[in-house]
Amino acid sequence: MPNSPSSHDSYPGLRRRGFLAAAGGAAGLGALALTGCSGSGTTDHSAAGGESTPRRGGRLRAAFAGGGASETLDPHLGNLFADAARAKALFDKLADYGADLSAEPRLAEKWEPNAALDRWTVTLRQADFHNGKPVTAADVLYSYRRIADPEKAYRARASLEPIDLKASRATGERTVEFVLKRPTAELPNVLAAFGTYIVPDGATGFDRRPVGSGPFRFVSFVPGRSTVLRRNDDYWDGAPHLDELEFVVANEESARVNALLGGQVEYAHELNPATGRAHEKAGSIEIVRLRNSAMQAFAMKTDRPPFDDPRVREAFFHIADRKELVDGALSGAGEIGNDLFGKGYEYYADELPQRVQDIDRARHLLKQAGAENLKVTLDTSAVATGFTEAAGIFRDQAARAGVTVTVRTGSKDSYWKDILDSGTLCCYRSGAMPIESHISQRLLTGSTTNATKWQDKSFDTLYQQAQSTKDKAGRDALYGRMQRQLHTRGGFLVWGFGDWILGTARSVRGVAREAPANTLDWARFDKVWLA
Amino acid sequence: MNGLRSWIARRLLLGVAQTGAVVLLVFALTEALPGDAAVAFAGDQPDPARIAAVREAMELDEPAHVRLADWATGLLHGDFGTSLTSGRPVAAFLADGFGPTLLLATLTVLLLVPVGVGLGVLAARREGRLTDRLISSATLGVYAVPEFALGVVLVSVFALRLGWFPPTAVGYGTDLLAHPAALVLPVLVLLARPVCSLSRLVRAGMIEALAAPYSAQARRYGISGARIRYGHALPNALAPATQQLARTIDWLLCGVVVVEALYVIPGLGTVLMNAVADRDIPVVQGLAVVFGLATVVINLGADLVTHHFAPRSGVAA
């Protein structure tokens, strides 16, 4: 095919599927997390009990679902959990997310905004790349400009949008001044966003010998099969306990479990609830559940009938029996939602009353809206765990309120694009990200992936206000107001939060359990050891 | 002999035409799938601007017939094109995936022929007796088990419970010969159904041939039972069996998707699954060409063998 090679060089690893449902710059679900993050050096309750002092040495093999022969080590191209985990081992970001999805400093030692919140000075810590060169402001600017290149389609580009990279500059060897297009109180979220890894100035090819500043150094890589890494003894956050780390790819869940049970790997990512239950008590492997990793919802398009009437949306909020959905569609591996994203995360409005099924109220609201005997089509697809099950359960629940739901199953590979603009009601899922990112990517008038078509001027204004409010309590109040608005009349019927389940061999210690998908401690192998 | 040669030439020409038709059909079907490589790549972040940028970079904005013509032109020069999703040459994908699939297929066929024919002959010789009934019911039963289920059962018994074999080939990459134990279970799963169908065919063919008048005549001439069985009856039974074997090889080469996924063997089946999910048309097309040509050549071979064993049955061109 006479495609010019250049056009392909820009996509050395385009890959799909992935992250699914995770959407967004910060996205992703899944999660495991190793403990002992910053500072304290304590590990939380790790697996198999018998916490001991970390032991050095050994090779840990970790099985992930992968992207096949088209995988790449380019940290800006990654889409999959396997990519995210590998990138985390080889590279660093300026910041990363804690268990509550608030940004924690990583390569950035500190950040300081000006009074108007539109200029931020970020000071880098002393850290070296694997080739011995220090991480400098120039590397940061190069990395961010690479991600933001309008000719390319790197995933994190949308996340970096608030930063004016032309005007931003290095003010010292280790200080960067970011100039922003508008006040942005949550800039640290941007610095922690998915895929915003720092690579050396001028780096382009990553599959041969990627150089990062992460806890592991590159040894070998065969796309779709295996990636071998070795401990970086000079890592700024302390050298990993493991000598070597190998990522292997097994797309089939049963293959990952079998490899773990058979001792071929010590860590298996992304297991299903049935597997989790079967082995939780059996004791031959350790099951780790990362709570709050995947929001499960139905998305109602608020700009078209019947959901352009807030009473219909509220009626639907009352139709859902959340416990039944969690038990049926997630096999009980999760907890119920309250029509808001980000349970347990920073700024989450947990003071709002938990919504419960109320069929009479739903009927009453529908009658008020003149929508008795309502018929709607619910789009679903086998694109994510529990989607088709959730659709069937909700159909039966809706029938009790006199609503006829027709379930329509769509293509897996184009589902996310198909539901963005068409249809009225669909199954939706999202990985962990800060509540602010969820809002900016999906709920503002100009958001690029606004699946509920929530376009509300007063809501936009509140968001902008929050972004120009320096004091945290003030922002908290504003996010509270936004969430109350969504809770009463928004388009997301958030019925649950799924666990992310992983398995480890009993010899593995130091795997953090309080880390939703995609946070710092998820898939973090530098704090793990083999007992 | 001349007739045979022109027959082979006609068959080859026909085969090339068939391969071309398969490629066209695959292209049309892949085009008809919802979404394209750009949409598949965007996944859960379907930002329209991003999809447009990817589409442009992948040159998917060209009309379908232009893309097909470009690709076909390259193919005539032996160039399989470039993968949309990775930018690597398709030929490299195929070469990487071919090794493991070929290894699995070869091992399976090497075991399949003696085991399948042996069981068939044994059952035919003991027709109606206990051995025959055992073989017949066992083959019928095993044939009814889907590969995936069989694979799972074999793993739980022989890998996880007894610990005789590794449960998967994860991490071994393409160097499977260095880990022969990892091949046992996949080959068993691959063997299970073809052994059943082959042995049943051989059994039926042999029983029929032994009951045929010419066998009775041979017996009347005093020819030994063994010679009748192996010199006269077996070749007749082998003709349909060879056809079946050819179809089995097609099936083996076409990926054995289930077995590869279950045991994490990075062969052509895995490449195909990923390429379809990615809408990576050049890779799918490349696979279609390889599978098409392999099918044509193998079936041609099978026809020649049939012709050799049972010349009177004639070969359909």
# chains A, B, ... in the order shown; residues from 1 in each chain; ligands from 1
$ residues_around --residues "A:Gln368" --least-positions-apart "5" --cutoff "12 Å" --atoms "only C-alpha atoms" --output "PyMOL selection string"
chain A and resi 309-312+314-315+361-363
$ write_last_selection --atoms "C-alpha atoms" --output "mmCIF file, in the first residue's frame"
data_model
loop_
_atom_site.group_PDB
_atom_site.id
_atom_site.type_symbol
_atom_site.label_atom_id
_atom_site.label_comp_id
_atom_site.auth_asym_id
_atom_site.auth_seq_id
_atom_site.Cartn_x
_atom_site.Cartn_y
_atom_site.Cartn_z
ATOM 1 C CA ASP A 309 -38.296 16.882 30.040
ATOM 2 C CA PRO A 310 -36.528 16.843 33.440
ATOM 3 C CA ARG A 311 -39.549 15.082 34.959
ATOM 4 C CA VAL A 312 -38.961 12.085 32.714
ATOM 5 C CA GLU A 314 -36.267 12.132 37.376
ATOM 6 C CA ALA A 315 -38.812 9.388 36.831
ATOM 7 C CA ARG A 361 -43.193 8.514 42.277
ATOM 8 C CA ALA A 362 -41.902 7.535 38.834
ATOM 9 C CA ARG A 363 -45.419 6.873 37.567
#
$ select_by_dssp --residues "stretch 174-215 of chain A" --states "strand (DSSP E)" --output "PyMOL selection string"
chain A and resi 175-180
$ write_last_selection --atoms "N, CA and C atoms" --output "CSV table (one decimal), in the first residue's frame"
chain,number,residue,atom,x,y,z
A,175,THR,N,12.7,24.6,36.5
A,175,THR,CA,11.4,25.3,36.7
A,175,THR,C,10.7,25.6,35.4
A,176,VAL,N,9.5,25.3,35.3
A,176,VAL,CA,8.7,25.6,34.1
A,176,VAL,C,7.6,26.5,34.5
A,177,GLU,N,7.4,27.5,33.6
A,177,GLU,CA,6.2,28.4,33.9
A,177,GLU,C,5.2,28.1,32.8
A,178,PHE,N,4.0,27.5,33.3
A,178,PHE,CA,2.9,27.2,32.4
A,178,PHE,C,2.0,28.4,32.3
A,179,VAL,N,1.8,28.9,31.1
A,179,VAL,CA,0.9,30.0,30.8
A,179,VAL,C,-0.4,29.3,30.4
A,180,LEU,N,-1.5,29.7,31.0
A,180,LEU,CA,-2.8,29.0,30.7
A,180,LEU,C,-3.7,29.9,29.9
$ interface_residues --of "chain B" --to "chain A" --cutoff "7 Å" --atoms "only C-alpha atoms" --output "VMD selection string"
chain B and resid 34 to 35 39 to 47 50 53 to 54 57 70 to 71 74 80 to 82 85 to 87 159 to 160 166 to 168 170 to 171 173 261 to 264 274 277 to 278
$ write_last_selection --atoms "C-alpha atoms" --output "PDB file, in the first residue's frame"
ATOM      1  CA  PRO B  34     -19.682  -0.542  11.440  1.00  0.00           C
ATOM      2  CA  GLY B  35     -16.892   1.927  12.121  1.00  0.00           C
ATOM      3  CA  VAL B  39     -13.298   4.814  15.167  1.00  0.00           C
ATOM      4  CA  ALA B  40     -11.917   1.586  16.547  1.00  0.00           C
ATOM      5  CA  PHE B  41      -8.780   3.423  17.608  1.00  0.00           C
ATOM      6  CA  ALA B  42     -10.660   6.216  19.309  1.00  0.00           C
ATOM      7  CA  GLY B  43     -12.419   3.645  21.489  1.00  0.00           C
ATOM      8  CA  ASP B  44     -14.187   5.174  24.438  1.00  0.00           C
ATOM      9  CA  GLN B  45     -12.913   8.648  23.679  1.00  0.00           C
ATOM     10  CA  PRO B  46     -14.794   9.335  20.463  1.00  0.00           C
ATOM     11  CA  ASP B  47     -13.871  13.000  20.172  1.00  0.00           C
ATOM     12  CA  ARG B  50      -9.630  13.276  17.026  1.00  0.00           C
ATOM     13  CA  ALA B  53      -7.376  13.550  12.490  1.00  0.00           C
ATOM     14  CA  VAL B  54      -6.701   9.827  12.766  1.00  0.00           C
ATOM     15  CA  ALA B  57      -3.444  10.285   8.929  1.00  0.00           C
ATOM     16  CA  ASP B  70      -3.541   0.916  -4.200  1.00  0.00           C
ATOM     17  CA  TRP B  71      -3.349  -2.195  -2.138  1.00  0.00           C
ATOM     18  CA  GLY B  74       1.254  -3.215  -4.189  1.00  0.00           C
ATOM     19  CA  PHE B  80       1.372  -6.657   1.328  1.00  0.00           C
ATOM     20  CA  GLY B  81       1.084  -3.056   2.456  1.00  0.00           C
ATOM     21  CA  THR B  82       1.317  -1.446   5.843  1.00  0.00           C
ATOM     22  CA  THR B  85      -2.814   0.638  13.366  1.00  0.00           C
ATOM     23  CA  SER B  86       0.875   0.044  13.862  1.00  0.00           C
ATOM     24  CA  GLY B  87       2.515   1.268  10.653  1.00  0.00           C
ATOM     25  CA  ALA B 159      -2.368 -28.420  34.028  1.00  0.00           C
ATOM     26  CA  LEU B 160      -3.941 -27.143  37.208  1.00  0.00           C
ATOM     27  CA  PRO B 166       1.875 -25.626  31.710  1.00  0.00           C
ATOM     28  CA  PRO B 167      -1.663 -24.185  31.433  1.00  0.00           C
ATOM     29  CA  THR B 168      -0.736 -21.634  28.776  1.00  0.00           C
ATOM     30  CA  VAL B 170       2.139 -17.137  28.006  1.00  0.00           C
ATOM     31  CA  GLY B 171       5.495 -15.414  27.802  1.00  0.00           C
ATOM     32  CA  GLY B 173       6.416 -15.959  22.427  1.00  0.00           C
ATOM     33  CA  ALA B 261      -6.715 -17.464  22.555  1.00  0.00           C
ATOM     34  CA  LEU B 262      -7.117 -20.101  25.225  1.00  0.00           C
ATOM     35  CA  TYR B 263      -3.443 -21.014  25.386  1.00  0.00           C
ATOM     36  CA  VAL B 264      -2.023 -17.592  24.519  1.00  0.00           C
ATOM     37  CA  ASN B 274      -6.862  -8.217  16.541  1.00  0.00           C
ATOM     38  CA  ALA B 277     -11.286  -5.622  15.907  1.00  0.00           C
ATOM     39  CA  ASP B 278      -8.962  -2.820  14.799  1.00  0.00           C
TER      40      ASP B 278
END
$ residues_around --residues "stretch 204-217 of chain B" --least-positions-apart "2" --cutoff "6 Å" --atoms "only C-alpha atoms" --output "tab-separated table (two decimals) with N, CA, C and O atoms, in the first residue's frame"
chain	number	residue	atom	x	y	z
B	124	ALA	N	-13.03	-50.76	11.86
B	124	ALA	CA	-13.61	-51.46	10.71
B	124	ALA	C	-13.33	-52.96	10.82
B	124	ALA	O	-14.18	-53.80	10.52
B	201	LEU	N	-14.68	-41.67	9.02
B	201	LEU	CA	-14.68	-41.78	7.56
B	201	LEU	C	-13.94	-43.03	7.09
B	201	LEU	O	-14.40	-43.75	6.21
B	202	VAL	N	-12.76	-43.22	7.70
B	202	VAL	CA	-11.96	-44.38	7.31
B	202	VAL	C	-12.72	-45.67	7.61
B	202	VAL	O	-12.78	-46.59	6.79
B	219	ARG	N	-11.29	-62.33	-2.36
B	219	ARG	CA	-11.24	-63.41	-1.37
B	219	ARG	C	-11.39	-64.77	-2.06
B	219	ARG	O	-10.71	-65.72	-1.72
B	220	ARG	N	-12.27	-64.80	-3.06
B	220	ARG	CA	-12.46	-66.07	-3.78
B	220	ARG	C	-11.18	-66.50	-4.48
B	220	ARG	O	-10.89	-67.66	-4.60
B	233	ALA	N	-8.94	-52.36	0.15
B	233	ALA	CA	-10.01	-51.62	0.83
B	233	ALA	C	-9.52	-50.26	1.35
B	233	ALA	O	-10.18	-49.25	1.15
B	234	LEU	N	-8.35	-50.26	2.00
B	234	LEU	CA	-7.89	-49.01	2.61
B	234	LEU	C	-7.74	-47.87	1.60
B	234	LEU	O	-8.22	-46.76	1.86
B	237	ALA	N	-10.89	-46.29	1.02
B	237	ALA	CA	-11.39	-45.55	2.16
B	237	ALA	C	-10.62	-44.24	2.30
B	237	ALA	O	-11.14	-43.26	2.84
$ select_by_dssp --residues "stretch 130-170 of chain B" --states "alpha helix (DSSP H)" --output "tab-separated table (two decimals) with all heavy atoms, in the first residue's frame"
chain	number	residue	atom	x	y	z
B	130	LEU	N	-16.94	-55.12	20.46
B	130	LEU	CA	-16.77	-54.17	21.54
B	130	LEU	C	-15.81	-53.03	21.16
B	130	LEU	O	-16.10	-51.84	21.37
B	130	LEU	CB	-16.25	-54.90	22.78
B	130	LEU	CG	-16.10	-54.00	24.01
B	130	LEU	CD1	-17.46	-53.49	24.47
B	130	LEU	CD2	-15.38	-54.72	25.15
B	131	THR	N	-14.66	-53.38	20.56
B	131	THR	CA	-13.69	-52.36	20.19
B	131	THR	C	-14.33	-51.31	19.29
B	131	THR	O	-14.16	-50.10	19.48
B	131	THR	CB	-12.50	-53.00	19.43
B	131	THR	OG1	-12.20	-54.24	20.06
B	131	THR	CG2	-11.32	-52.09	19.41
B	132	ASP	N	-15.05	-51.78	18.30
B	132	ASP	CA	-15.69	-50.87	17.36
B	132	ASP	C	-16.69	-49.98	18.09
B	132	ASP	O	-16.71	-48.76	17.88
B	132	ASP	CB	-16.40	-51.68	16.27
B	132	ASP	CG	-17.13	-50.78	15.28
B	132	ASP	OD1	-16.62	-49.67	15.04
B	132	ASP	OD2	-18.19	-51.17	14.79
B	133	ARG	N	-17.47	-50.60	18.96
B	133	ARG	CA	-18.49	-49.80	19.65
B	133	ARG	C	-17.83	-48.76	20.55
B	133	ARG	O	-18.27	-47.63	20.63
B	133	ARG	CB	-19.43	-50.72	20.45
B	133	ARG	CG	-20.40	-51.49	19.55
B	133	ARG	CD	-21.70	-51.79	20.27
B	133	ARG	NE	-21.44	-52.58	21.48
B	133	ARG	CZ	-21.37	-53.92	21.50
B	133	ARG	NH1	-21.58	-54.59	20.38
B	133	ARG	NH2	-21.14	-54.56	22.61
B	134	LEU	N	-16.73	-49.17	21.21
B	134	LEU	CA	-16.01	-48.23	22.08
B	134	LEU	C	-15.48	-47.05	21.26
B	134	LEU	O	-15.67	-45.88	21.61
B	134	LEU	CB	-14.85	-48.92	22.78
B	134	LEU	CG	-15.17	-49.64	24.08
B	134	LEU	CD1	-13.91	-50.28	24.66
B	134	LEU	CD2	-15.77	-48.65	25.09
B	135	ILE	N	-14.79	-47.41	20.17
B	135	ILE	CA	-14.19	-46.35	19.36
B	135	ILE	C	-15.27	-45.46	18.78
B	135	ILE	O	-15.17	-44.22	18.82
B	135	ILE	CB	-13.34	-46.97	18.22
B	135	ILE	CG1	-12.11	-47.66	18.82
B	135	ILE	CG2	-12.89	-45.89	17.23
B	135	ILE	CD1	-11.26	-48.37	17.81
B	136	SER	N	-16.34	-46.08	18.30
B	136	SER	CA	-17.38	-45.28	17.67
B	136	SER	C	-18.04	-44.32	18.65
B	136	SER	O	-18.24	-43.15	18.36
B	136	SER	CB	-18.43	-46.18	17.04
B	136	SER	OG	-17.85	-46.88	15.97
B	137	SER	N	-18.36	-44.86	19.86
B	137	SER	CA	-19.06	-43.96	20.77
B	137	SER	C	-18.10	-42.89	21.31
B	137	SER	O	-18.50	-41.73	21.49
B	137	SER	CB	-19.74	-44.73	21.90
B	137	SER	OG	-18.86	-45.70	22.40
B	138	ALA	N	-16.85	-43.27	21.53
B	138	ALA	CA	-15.89	-42.27	22.02
B	138	ALA	C	-15.70	-41.16	20.99
B	138	ALA	O	-15.73	-39.96	21.32
B	138	ALA	CB	-14.56	-42.93	22.34
B	139	THR	N	-15.52	-41.54	19.73
B	139	THR	CA	-15.28	-40.50	18.73
B	139	THR	C	-16.52	-39.62	18.56
B	139	THR	O	-16.40	-38.41	18.41
B	139	THR	CB	-14.90	-41.12	17.37
B	139	THR	OG1	-15.84	-42.14	17.06
B	139	THR	CG2	-13.52	-41.69	17.37
B	140	LEU	N	-17.68	-40.25	18.64
B	140	LEU	CA	-18.89	-39.45	18.51
B	140	LEU	C	-19.01	-38.47	19.67
B	140	LEU	O	-19.31	-37.29	19.50
B	140	LEU	CB	-20.11	-40.39	18.49
B	140	LEU	CG	-21.35	-39.83	17.81
B	140	LEU	CD1	-21.06	-39.60	16.34
B	140	LEU	CD2	-22.52	-40.81	17.98
B	141	GLY	N	-18.71	-38.98	20.87
B	141	GLY	CA	-18.81	-38.14	22.06
B	141	GLY	C	-17.83	-36.98	22.02
B	141	GLY	O	-18.21	-35.82	22.22
B	142	VAL	N	-16.57	-37.27	21.73
B	142	VAL	CA	-15.55	-36.22	21.73
B	142	VAL	C	-15.87	-35.19	20.64
B	142	VAL	O	-15.69	-33.99	20.83
B	142	VAL	CB	-14.14	-36.82	21.51
B	142	VAL	CG1	-13.11	-35.74	21.28
B	142	VAL	CG2	-13.76	-37.67	22.71
B	143	TYR	N	-16.37	-35.71	19.52
B	143	TYR	CA	-16.67	-34.79	18.42
B	143	TYR	C	-17.70	-33.75	18.84
B	143	TYR	O	-17.71	-32.63	18.37
B	143	TYR	CB	-17.19	-35.58	17.21
B	143	TYR	CG	-17.24	-34.74	15.96
B	143	TYR	CD1	-16.06	-34.49	15.24
B	143	TYR	CD2	-18.42	-34.17	15.51
B	143	TYR	CE1	-16.08	-33.71	14.11
B	143	TYR	CE2	-18.45	-33.38	14.38
B	143	TYR	CZ	-17.27	-33.16	13.68
B	143	TYR	OH	-17.28	-32.37	12.57
B	147	GLU	N	-14.50	-27.01	21.09
B	147	GLU	CA	-13.07	-26.87	21.40
B	147	GLU	C	-12.82	-26.09	22.67
B	147	GLU	O	-11.97	-26.42	23.47
B	147	GLU	CB	-12.34	-26.15	20.27
B	147	GLU	CG	-12.08	-26.98	19.05
B	147	GLU	CD	-13.02	-26.62	17.94
B	147	GLU	OE1	-13.52	-25.48	17.95
B	147	GLU	OE2	-13.27	-27.46	17.08
B	148	PHE	N	-13.60	-25.02	22.83
B	148	PHE	CA	-13.34	-24.16	23.98
B	148	PHE	C	-13.56	-24.93	25.28
B	148	PHE	O	-12.73	-24.92	26.18
B	148	PHE	CB	-14.25	-22.93	23.94
B	148	PHE	CG	-13.85	-21.86	24.90
B	148	PHE	CD1	-12.89	-20.92	24.54
B	148	PHE	CD2	-14.41	-21.79	26.17
B	148	PHE	CE1	-12.51	-19.94	25.41
B	148	PHE	CE2	-14.03	-20.80	27.06
B	148	PHE	CZ	-13.07	-19.87	26.68
B	149	ALA	N	-14.68	-25.66	25.33
B	149	ALA	CA	-14.98	-26.42	26.53
B	149	ALA	C	-13.92	-27.48	26.77
B	149	ALA	O	-13.41	-27.65	27.88
B	149	ALA	CB	-16.36	-27.07	26.39
B	150	LEU	N	-13.55	-28.17	25.71
B	150	LEU	CA	-12.54	-29.21	25.84
B	150	LEU	C	-11.24	-28.61	26.36
B	150	LEU	O	-10.58	-29.16	27.25
B	150	LEU	CB	-12.32	-29.88	24.48
B	150	LEU	CG	-11.35	-31.04	24.48
B	150	LEU	CD1	-11.87	-32.17	25.34
B	150	LEU	CD2	-11.08	-31.54	23.07
B	151	GLY	N	-10.89	-27.45	25.80
B	151	GLY	CA	-9.66	-26.78	26.21
B	151	GLY	C	-9.67	-26.46	27.70
B	151	GLY	O	-8.71	-26.72	28.42
B	152	VAL	N	-10.79	-25.94	28.15
B	152	VAL	CA	-10.89	-25.56	29.56
B	152	VAL	C	-10.78	-26.80	30.45
B	152	VAL	O	-10.07	-26.80	31.46
B	152	VAL	CB	-12.23	-24.81	29.82
B	152	VAL	CG1	-12.45	-24.64	31.31
B	152	VAL	CG2	-12.22	-23.47	29.12
B	153	VAL	N	-11.46	-27.87	30.03
B	153	VAL	CA	-11.40	-29.10	30.83
B	153	VAL	C	-9.98	-29.64	30.88
B	153	VAL	O	-9.46	-29.99	31.96
B	153	VAL	CB	-12.37	-30.17	30.25
B	153	VAL	CG1	-12.12	-31.52	30.89
B	153	VAL	CG2	-13.81	-29.71	30.43
B	154	LEU	N	-9.32	-29.69	29.74
B	154	LEU	CA	-7.95	-30.22	29.72
B	154	LEU	C	-7.03	-29.39	30.62
B	154	LEU	O	-6.20	-29.94	31.34
B	154	LEU	CB	-7.41	-30.22	28.28
B	154	LEU	CG	-8.04	-31.25	27.34
B	154	LEU	CD1	-7.40	-31.18	25.97
B	154	LEU	CD2	-7.88	-32.66	27.91
$ residues_around --residues "stretch 122-128 of chain A" --least-positions-apart "3" --cutoff "12 Å" --atoms "only C-alpha atoms" --output "NGL selection string"
:A and (91-95 or 105-114 or 119 or 131-141 or 168-179 or 187-188 or 191 or 198-200 or 211-215 or 217 or 232-238)
$ decode --residues "stretch 98-105 of chain B" --atoms "all heavy atoms" --output "compact mmCIF listing (two decimals), in the first residue's frame"
# COMPACT_ATOMS: atom_id res chain seq x y z
N PHE B 98 2.84 -16.68 11.50
CA PHE B 98 2.82 -17.92 10.73
C PHE B 98 3.51 -19.06 11.46
O PHE B 98 3.03 -20.19 11.44
CB PHE B 98 3.47 -17.68 9.36
CG PHE B 98 2.99 -18.61 8.31
CD1 PHE B 98 1.67 -18.50 7.86
CD2 PHE B 98 3.80 -19.58 7.77
CE1 PHE B 98 1.19 -19.36 6.89
CE2 PHE B 98 3.32 -20.45 6.80
CZ PHE B 98 2.02 -20.33 6.36
N GLY B 99 4.63 -18.75 12.09
CA GLY B 99 5.43 -19.77 12.76
C GLY B 99 4.61 -20.62 13.73
O GLY B 99 4.48 -21.84 13.54
N PRO B 100 4.04 -19.99 14.77
CA PRO B 100 3.29 -20.78 15.76
C PRO B 100 2.12 -21.54 15.14
O PRO B 100 1.90 -22.72 15.49
CB PRO B 100 2.77 -19.73 16.73
CG PRO B 100 3.67 -18.56 16.56
CD PRO B 100 4.16 -18.59 15.15
N THR B 101 1.39 -20.91 14.23
CA THR B 101 0.25 -21.59 13.63
C THR B 101 0.71 -22.78 12.80
O THR B 101 0.12 -23.87 12.86
CB THR B 101 -0.55 -20.61 12.76
OG1 THR B 101 -0.93 -19.51 13.56
CG2 THR B 101 -1.78 -21.26 12.17
N LEU B 102 1.78 -22.58 12.04
CA LEU B 102 2.30 -23.67 11.21
C LEU B 102 2.78 -24.82 12.09
O LEU B 102 2.54 -26.00 11.80
CB LEU B 102 3.45 -23.15 10.34
CG LEU B 102 3.87 -24.07 9.21
CD1 LEU B 102 2.74 -24.22 8.20
CD2 LEU B 102 5.12 -23.55 8.52
N LEU B 103 3.45 -24.47 13.18
CA LEU B 103 3.96 -25.50 14.09
C LEU B 103 2.79 -26.33 14.64
O LEU B 103 2.81 -27.56 14.63
CB LEU B 103 4.73 -24.83 15.23
CG LEU B 103 5.27 -25.76 16.31
CD1 LEU B 103 6.29 -26.73 15.72
CD2 LEU B 103 5.89 -24.97 17.43
N LEU B 104 1.76 -25.63 15.11
CA LEU B 104 0.59 -26.33 15.64
C LEU B 104 -0.04 -27.21 14.58
O LEU B 104 -0.38 -28.37 14.84
CB LEU B 104 -0.45 -25.33 16.14
CG LEU B 104 -0.23 -24.70 17.51
CD1 LEU B 104 -1.35 -23.73 17.82
CD2 LEU B 104 -0.17 -25.78 18.57
N ALA B 105 -0.20 -26.65 13.39
CA ALA B 105 -0.86 -27.38 12.31
C ALA B 105 -0.05 -28.61 11.93
O ALA B 105 -0.59 -29.71 11.76
CB ALA B 105 -1.06 -26.47 11.11
